[in-house]
Structure formats: structure tokens, C-alpha cells
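Below is the file entry13.txt, which contains compact mmCIF, C-alpha atoms.
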# COMPACT_ATOMS: atom_id res chain seq x y z
CA MET A 232 189.14 28.37 347.01
CA THR A 233 188.63 31.60 348.87
CA GLN A 234 190.96 33.80 346.83
CA VAL A 235 190.17 35.35 343.46
CA PRO A 236 193.01 35.02 340.92
CA ALA A 237 194.26 38.44 339.88
CA SER A 238 194.01 37.40 336.22
CA TRP A 239 190.21 37.29 336.58
CA PHE A 240 190.25 40.99 337.31
CA LEU A 241 192.45 41.60 334.26
CA THR A 242 190.16 39.49 332.08
CA LEU A 243 187.12 41.43 333.32
CA SER A 244 188.98 44.62 332.47
CA ALA A 245 189.72 43.30 328.96
CA VAL A 246 186.06 42.37 328.46
CA LEU A 247 184.88 45.84 329.53
CA PHE A 248 187.50 47.49 327.28
CA VAL A 249 186.43 45.48 324.24
CA LEU A 250 182.77 46.33 324.92
CA GLY A 251 183.77 49.99 325.07
CA VAL A 252 185.59 49.68 321.73
CA ALA A 253 182.53 47.97 320.24
CA GLY A 254 180.26 50.74 321.47
CA PHE A 255 182.58 53.39 320.08
CA ILE A 256 182.69 51.72 316.65
CA PHE A 257 179.09 50.50 316.28
CA ARG A 258 177.08 53.35 317.74
CA ARG A 259 176.25 56.46 315.75
CA SER A 260 174.99 58.74 318.52
CA VAL A 261 177.71 61.13 319.72
CA ILE A 262 176.63 60.88 323.37
CA THR A 263 176.71 57.06 323.37
CA MET A 264 180.16 57.08 321.73
CA PHE A 265 181.31 59.39 324.49
CA MET A 266 179.92 57.04 327.13
CA SER A 267 181.83 54.18 325.47
CA ILE A 268 185.04 56.16 325.95
CA GLU A 269 184.21 56.47 329.64
CA LEU A 270 183.66 52.69 329.74
CA MET A 271 187.14 52.13 328.26
CA LEU A 272 188.71 54.49 330.81
CA ASN A 273 186.99 52.57 333.61
CA ALA A 274 188.36 49.28 332.28
CA VAL A 275 191.89 50.71 332.27
CA ASN A 276 191.39 51.96 335.84
CA LEU A 277 190.51 48.43 336.97
CA THR A 278 193.81 47.18 335.49
CA PHE A 279 195.75 49.89 337.34
CA VAL A 280 194.14 49.01 340.68
CA THR A 281 194.70 45.27 340.12
CA PHE A 282 198.41 45.74 339.45
CA SER A 283 198.61 48.08 342.42
CA TYR A 284 197.27 45.25 344.60
CA GLU A 285 199.65 42.82 342.93
CA LEU A 286 202.77 44.91 343.58
CA LYS A 287 201.55 46.13 347.00
CA GLN A 288 202.25 49.72 345.95
CA VAL A 289 199.97 52.73 346.00
CA ASP A 290 201.23 54.25 342.72
CA GLY A 291 198.53 52.63 340.61
CA HIS A 292 195.86 54.37 342.67
CA LEU A 293 197.49 57.72 341.92
CA PHE A 294 197.33 56.97 338.19
CA VAL A 295 193.63 56.13 338.56
CA PHE A 296 193.18 59.46 340.34
CA PHE A 297 194.79 61.33 337.44
CA VAL A 298 192.75 59.36 334.89
CA MET A 299 189.58 60.37 336.77
CA VAL A 300 190.58 64.05 336.72
CA VAL A 301 191.36 63.94 333.00
CA ALA A 302 188.09 62.08 332.33
CA ALA A 303 186.10 64.72 334.21
CA ALA A 304 187.80 67.55 332.30
CA GLU A 305 187.29 65.67 329.03
CA ALA A 306 183.60 65.12 329.79
CA ALA A 307 183.06 68.83 330.52
CA VAL A 308 184.76 70.00 327.31
CA GLY A 309 183.38 67.16 325.17
CA LEU A 310 179.78 67.74 326.24
CA ALA A 311 180.21 71.48 325.59
CA ILE A 312 181.40 70.61 322.07
CA ILE A 313 178.37 68.32 321.62
CA LEU A 314 176.10 71.18 322.71
CA THR A 315 177.74 73.54 320.20
CA VAL A 316 177.48 71.01 317.36
CA TYR A 317 173.83 70.38 318.20
CA LYS A 318 173.13 74.12 318.19
CA SER A 319 174.62 74.56 314.70
CA ARG A 320 173.57 71.24 313.08
CA ALA A 321 170.48 70.13 315.08
CA THR A 322 171.67 66.52 314.95
CA LEU A 323 173.47 64.06 317.21
CA ASN A 324 174.21 61.53 314.48
CA ILE A 325 177.94 61.29 313.86
CA ASP A 326 177.42 60.44 310.16
CA GLU A 327 175.86 63.84 309.51
CA VAL A 328 178.73 65.76 311.12
CA ASN A 329 181.17 65.26 308.27
CA SER A 330 182.07 68.74 307.01
CA MET A 331 185.80 68.02 307.43
CA LYS A 332 185.53 64.95 305.22
CA ASN A 333 185.13 66.68 301.84
CA MET B 6 183.11 34.59 349.83
CA ASP B 7 185.50 36.79 347.87
CA VAL B 8 184.96 34.66 344.78
CA ILE B 9 181.18 34.99 345.09
CA LEU B 10 181.49 38.75 345.58
CA PHE B 11 183.74 39.06 342.54
CA LEU B 12 181.55 36.87 340.33
CA VAL B 13 178.31 38.67 341.26
CA PHE B 14 179.66 42.15 340.58
CA ALA B 15 181.73 41.11 337.54
CA ILE B 16 178.59 39.63 335.96
CA ILE B 17 176.61 42.78 336.81
CA ALA B 18 179.38 44.92 335.27
CA VAL B 19 179.55 42.88 332.06
CA LEU B 20 175.76 42.73 331.62
CA ALA B 21 175.45 46.48 332.22
CA ALA B 22 178.32 47.16 329.79
CA ILE B 23 176.58 45.04 327.12
CA ASN B 24 173.42 47.05 327.84
CA VAL B 25 175.36 50.30 327.32
CA VAL B 26 176.30 49.13 323.82
CA VAL B 27 173.00 47.61 322.69
CA GLN B 28 170.46 50.13 324.03
CA THR B 29 169.29 52.57 321.38
CA HIS B 30 168.15 55.28 323.78
CA PRO B 31 171.01 57.34 325.31
CA ILE B 32 169.38 57.63 328.74
CA ALA B 33 169.18 53.82 329.04
CA SER B 34 172.87 53.63 328.15
CA ALA B 35 173.69 56.26 330.78
CA VAL B 36 171.84 54.40 333.55
CA SER B 37 173.57 51.14 332.56
CA LEU B 38 176.94 52.93 332.68
CA ILE B 39 176.17 54.02 336.24
CA GLY B 40 175.61 50.32 337.00
CA VAL B 41 179.03 49.45 335.56
CA MET B 42 180.70 52.17 337.62
CA GLY B 43 178.94 51.14 340.83
CA SER B 44 179.94 47.48 340.50
CA LEU B 45 183.52 48.53 339.66
CA ALA B 46 183.56 50.53 342.91
CA VAL B 47 182.74 47.32 344.82
CA LEU B 48 185.60 45.54 343.04
CA TYR B 49 187.94 48.39 344.00
CA LEU B 50 186.97 47.85 347.64
CA LEU B 51 187.78 44.16 347.21
CA LEU B 52 191.22 45.19 345.92
CA GLY B 53 191.82 47.41 348.95
CA ALA B 54 191.41 50.75 347.17
CA GLU B 55 189.03 52.55 349.55
CA PHE B 56 189.84 56.06 348.35
CA ILE B 57 189.51 55.13 344.68
CA ALA B 58 186.18 53.37 345.36
CA ALA B 59 184.79 56.49 347.03
CA ALA B 60 186.15 58.73 344.27
CA GLN B 61 184.67 56.38 341.66
CA VAL B 62 181.20 56.77 343.16
CA ILE B 63 181.49 60.52 343.75
CA VAL B 64 183.34 61.64 340.60
CA TYR B 65 182.26 59.10 337.98
CA ALA B 66 178.84 57.83 339.03
CA GLY B 67 178.02 61.21 340.56
CA ALA B 68 179.51 64.18 338.73
CA VAL B 69 180.37 62.88 335.26
CA MET B 70 177.16 60.89 334.76
CA VAL B 71 175.01 63.75 336.03
CA LEU B 72 176.68 65.87 333.35
CA PHE B 73 175.83 63.23 330.74
CA VAL B 74 172.20 62.89 331.85
CA PHE B 75 171.93 66.68 331.95
CA VAL B 76 173.10 67.02 328.34
CA ILE B 77 170.83 64.16 327.20
CA MET B 78 167.84 65.90 328.78
CA LEU B 79 168.90 69.32 327.50
CA LEU B 80 169.20 68.13 323.90
CA ASN B 81 166.11 65.94 324.23
CA ALA B 82 168.12 63.12 322.65
CA GLY B 83 165.81 60.42 321.35
CA ALA B 84 166.44 56.88 320.14
CA GLU B 85 169.21 56.50 317.62
CA VAL B 86 168.12 56.11 313.99
CA ARG B 87 169.64 53.09 312.28
CA LYS B 88 170.32 53.42 308.58
CA GLY B 89 172.87 52.54 305.95
CA ARG B 90 174.36 49.66 307.93
CA SER B 91 177.04 48.16 305.70
CA PHE B 92 176.80 44.45 304.94
CA MET B 93 180.46 43.74 305.73
CA ALA B 94 180.19 45.45 309.12
CA SER B 95 177.16 43.42 310.20
CA LEU B 96 178.81 40.23 308.92
CA LEU B 97 182.27 40.76 310.44
CA GLY B 98 181.45 42.83 313.52
CA ALA B 99 180.65 40.16 316.11
CA PRO B 100 183.35 37.62 315.03
CA VAL B 101 186.08 40.30 315.03
CA LEU B 102 184.89 41.46 318.45
CA ILE B 103 185.05 37.93 319.86
CA ALA B 104 188.49 37.41 318.25
CA LEU B 105 189.84 40.60 319.82
CA LEU B 106 188.41 39.57 323.19
CA ALA B 107 189.93 36.10 322.93
CA LEU B 108 193.30 37.60 321.97
CA LEU B 109 193.24 39.93 324.98
CA ALA B 110 192.24 37.14 327.36
CA TRP B 111 194.95 34.88 325.88
CA PHE B 112 197.58 37.57 326.43
CA VAL B 113 196.41 38.05 330.02
CA GLU B 114 196.63 34.33 330.74
CA ARG B 115 199.98 33.99 328.94
CA ILE B 116 201.70 36.92 330.64
CA TYR B 117 200.07 35.96 333.90
CA PRO B 118 200.35 32.18 334.22
CA GLU B 119 200.34 31.95 338.01
CA SER B 120 198.70 34.99 339.47
CA VAL B 121 198.47 36.03 343.08
CA GLY B 122 195.15 35.46 344.79
CA VAL B 123 193.11 38.52 345.66
CA HIS B 124 191.31 38.45 348.99
CA PHE B 125 189.65 41.20 350.98
CA GLY B 126 192.15 42.93 353.27
CA GLY B 127 195.18 41.68 351.36
CA PHE B 128 196.33 45.23 350.63
CA THR B 129 195.69 48.00 353.14
CA GLY B 130 197.74 50.83 351.62
CA GLY B 131 194.91 52.33 349.58
CA GLY B 132 193.33 54.62 352.16
CA PRO B 133 193.16 58.42 351.97
CA GLU B 134 196.28 58.82 354.12
CA ALA B 135 198.55 56.81 351.80
CA ILE B 136 197.07 58.45 348.70
CA GLY B 137 197.49 61.95 350.12
CA ARG B 138 201.05 61.26 351.21
CA ALA B 139 202.06 60.05 347.74
CA LEU B 140 200.08 62.81 346.02
CA PHE B 141 201.81 65.63 347.86
CA THR B 142 205.36 64.20 347.78
CA THR B 143 206.17 61.98 344.80
CA TYR B 144 203.37 63.16 342.53
CA LEU B 145 203.31 66.84 343.47
CA LEU B 146 204.23 68.15 340.00
CA PRO B 147 201.60 66.08 338.13
CA PHE B 148 199.05 67.14 340.75
CA GLU B 149 199.79 70.84 340.13
CA ILE B 150 199.68 70.31 336.35
CA THR B 151 196.30 68.62 336.84
CA SER B 152 194.96 71.77 338.50
CA ILE B 153 196.01 73.81 335.44
CA LEU B 154 194.34 71.22 333.20
CA VAL B 155 191.08 71.48 335.12
CA LEU B 156 191.25 75.29 334.93
CA ILE B 157 191.72 75.11 331.15
CA ALA B 158 188.80 72.65 330.91
CA ILE B 159 186.53 74.99 332.88
CA LEU B 160 187.45 77.94 330.67
CA GLY B 161 187.03 75.84 327.52
CA ALA B 162 183.60 74.57 328.58
CA VAL B 163 182.43 78.09 329.42
CA VAL B 164 183.70 79.52 326.12
CA LEU B 165 182.21 76.68 324.05
CA ALA B 166 178.80 76.57 325.70
CA ARG B 167 178.46 80.37 325.93
CA LYS B 168 175.53 81.99 324.22
CA GLU B 169 176.66 83.90 321.17
CA ILE B 170 176.56 87.66 321.78
CA ASP B 171 176.10 89.66 318.62

Would it be possible to restate this file's structure as C-alpha cells?
Amino acid sequence: MTQVPASWFLTLSAVLFVLGVAGFIFRRSVITMFMSIELMLNAVNLTFVTFSYELKQVDGHLFVFFVMVVAAAEAAVGLAIILTVYKSRATLNIDEVNSMKN
Amino acid sequence: MDVILFLVFAIIAVLAAINVVVQTHPIASAVSLIGVMGSLAVLYLLLGAEFIAAAQVIVYAGAVMVLFVFVIMLLNAGAEVRKGRSFMASLLGAPVLIALLALLAWFVERIYPESVGVHFGGFTGGGPEAIGRALFTTYLLPFEITSILVLIAILGAVVLARKEID
């Protein structure tokens, strides 16, 4: 067998997505949660590229391009928010940033 | 050959992704995430997406992760403190995770019973020329909206991270 089944790529993507969800739920550091979001976005990108190969169309690559742009913008704004929170609270633990809870 | 290439880099990606989740120090997670992104770039090449593979390395593994490492260093973020872990979470966490994973894999196999084989060179429409052509014809409006989004993000980042002037 010299060809890789396309479902293997989709399964790999599912595995990476679930690991990203797990990181987002289990970790308490804001920066690590943010990196888990990036991991989930990467998993979705792999699905887009796989289906693009499958359908022999370039549209999936364009969606990946837009996801990358949005992820870069999100990282810039999100890390600026983390900096601001750290300046006012002096903590990166998400459990201690709960002023909207009460 | 293609199968070996896929297996090697898929295993690297999964191990690095597990490392992202289990490492307590943020910088170790960031380096592992760069490993995930690099191995995904190789898989994109296997799928015939040359432009996306290059953009993955430059934008994700380059720009975004440098931003992350920069913030980690700036804030001097140390190892995460573990406290108040609930009993139910530690009991149910791993089984629920495996169940969700199994459900996803089952859906993939069910929707995709006989999938097409992927081999290197099976799709050649992923180069910069094809991407640029689609980007400036079919996807021109989203592309322009994206530029506004990036402008807003730049302004937002500058306003948020600005030093307070009294």
C-alpha cells in the first residue's frame, strides 16, 4: 500500500482537536489555554486541506489562509489582553481572574 | 513511502500535542506547539498544499509563536500552580476525553467508509499561482474584509498594550 487513506488525515485532525479541547479545559494558565486554541485551529486547517485534496479544488486552501489571518489577529489582541490583565492583577491563573463572576 | 512519511509526522504531531497539554511550564508548551505546526506543514506538502505549508511555517511557527514566546518571557511566566483540583474532574476527565475521541473517529470512519488514497503529487493546484488567482477573483471581498480586520487588530493591540498616560 503506497497511498495514505484520506480518513487517516481526518482522524489525526480529530485527535489534535480533542487534545486542544483537553488543554483548554484542564489547564489554568491563560497562555497555555491560548496555545490550546491555536492547536484546535491547526487541527481544523488540516481538515480543510484534506477535503481540498479530496475534491481537487483550491477553495479549502483559501479558507485555511483566512483562518491563519484571523488566528494571527486573534493572537495579537489576545496577548495584549493578557498583558493588560497581568499588569492589573499580577497573575496568569484563570481562576483568579473572576471579577465578572460575582 | 507516503505511508511512512505520514505515520512519522503524525506520531510527532500527536506526541508534541500531548506534550503541549501535559507540560506545566508555558515555554515547554510553546516549543512543543512549534513541533506540532512544523509536522503539520510536512503533511500539508504531502497533500499538495505548497503555499499553505510555507504560510504555516512563516505565519504560525514564525510570527504567532514568536509573539507567544515574547509574552511568556515578558511576563516571566513560571510553572503553573496546581490547586483545588475537583475529584469529579480528575475521575471523569480522561474517560470523557477518550469517549469524545472515539466518537469523532467513529464519525470520520462512518461518513468516510471508502476514502480516496492520498499520495504525493496527487493534487497540484495548491501552488501560489492558483491561490493568488482564487484570492483576487472569487474571494476578493473576504480578502479586503480581512485587511480591515487586521487593521482593527493592530489598533486594538496598540490601544490595549499602551502604557497608561496620566

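Closest to chain B among A:Ile325, A:Ala304, A:Ile256, A:Leu286 is A:Ala304, based on only C-alpha atoms.
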
Report as an mmCIF file with C-alpha atoms, in the frame of the given file the set of chain A residues whose atoms approach chain B to within 7 Å, with distances computed over only C-alpha atoms.
data_model
loop_
_atom_site.group_PDB
_atom_site.id
_atom_site.type_symbol
_atom_site.label_atom_id
_atom_site.label_comp_id
_atom_site.auth_asym_id
_atom_site.auth_seq_id
_atom_site.Cartn_x
_atom_site.Cartn_y
_atom_site.Cartn_z
ATOM 1 C CA THR A 233 188.630 31.600 348.870
ATOM 2 C CA GLN A 234 190.960 33.800 346.830
ATOM 3 C CA VAL A 235 190.170 35.350 343.460
ATOM 4 C CA PRO A 236 193.010 35.020 340.920
ATOM 5 C CA ALA A 237 194.260 38.440 339.880
ATOM 6 C CA SER A 238 194.010 37.400 336.220
ATOM 7 C CA LEU A 241 192.450 41.600 334.260
ATOM 8 C CA THR A 242 190.160 39.490 332.080
ATOM 9 C CA LEU A 243 187.120 41.430 333.320
ATOM 10 C CA ALA A 245 189.720 43.300 328.960
ATOM 11 C CA VAL A 246 186.060 42.370 328.460
ATOM 12 C CA LEU A 247 184.880 45.840 329.530
ATOM 13 C CA VAL A 249 186.430 45.480 324.240
ATOM 14 C CA LEU A 250 182.770 46.330 324.920
ATOM 15 C CA GLY A 254 180.260 50.740 321.470
ATOM 16 C CA SER A 260 174.990 58.740 318.520
ATOM 17 C CA ILE A 262 176.630 60.880 323.370
ATOM 18 C CA THR A 263 176.710 57.060 323.370
ATOM 19 C CA THR A 281 194.700 45.270 340.120
ATOM 20 C CA TYR A 284 197.270 45.250 344.600
ATOM 21 C CA GLU A 285 199.650 42.820 342.930
ATOM 22 C CA LYS A 287 201.550 46.130 347.000
ATOM 23 C CA VAL A 289 199.970 52.730 346.000
ATOM 24 C CA HIS A 292 195.860 54.370 342.670
ATOM 25 C CA LEU A 293 197.490 57.720 341.920
ATOM 26 C CA ALA A 303 186.100 64.720 334.210
ATOM 27 C CA ALA A 304 187.800 67.550 332.300
ATOM 28 C CA ALA A 306 183.600 65.120 329.790
ATOM 29 C CA ALA A 307 183.060 68.830 330.520
ATOM 30 C CA VAL A 308 184.760 70.000 327.310
ATOM 31 C CA ALA A 311 180.210 71.480 325.590
ATOM 32 C CA ILE A 312 181.400 70.610 322.070
ATOM 33 C CA LEU A 314 176.100 71.180 322.710
ATOM 34 C CA THR A 315 177.740 73.540 320.200
#

(request) Measure the distance from CA of Thr278 in chain A to CA of Phe248 in chain A in Å and round it to one decimal. (result)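 For CA of Thr278 in chain A relative to CA of Phe248 in chain A, the distance reads 10.4 Å.
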
(message) Just to confirm, what's the straight-line distance from CA of Phe14 in chain B to CA of Ile39 in chain B in Å (one decimal)?
(response)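 Taking CA of Phe14 in chain B as the start and CA of Ile39 in chain B as the end point, the length is 13.1 Å.
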
(message) Give me, as an MDAnalysis selection string, all polymer residues having an atom no more than 8 Å from Asn276 in chain A, counting all atoms listed in the file and skipping those fewer than 4 positions away in the same chain.
(response) chainID A and resid 272 280 295 298

(request) Figure out the distance between CA of Ile313 in chain A and CA of Phe255 in chain A, please, to one decimal in Å. (result)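 Answer for the CA of Phe255 in chain A to CA of Ile313 in chain A separation: 15.6 Å.
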
(request) Measuring atom to atom with all atoms listed in the file, identify which of A:Glu327, A:Val316, A:Ser244, A:Met264 is nearest to Phe282 in chain A. (result) A:Ser244
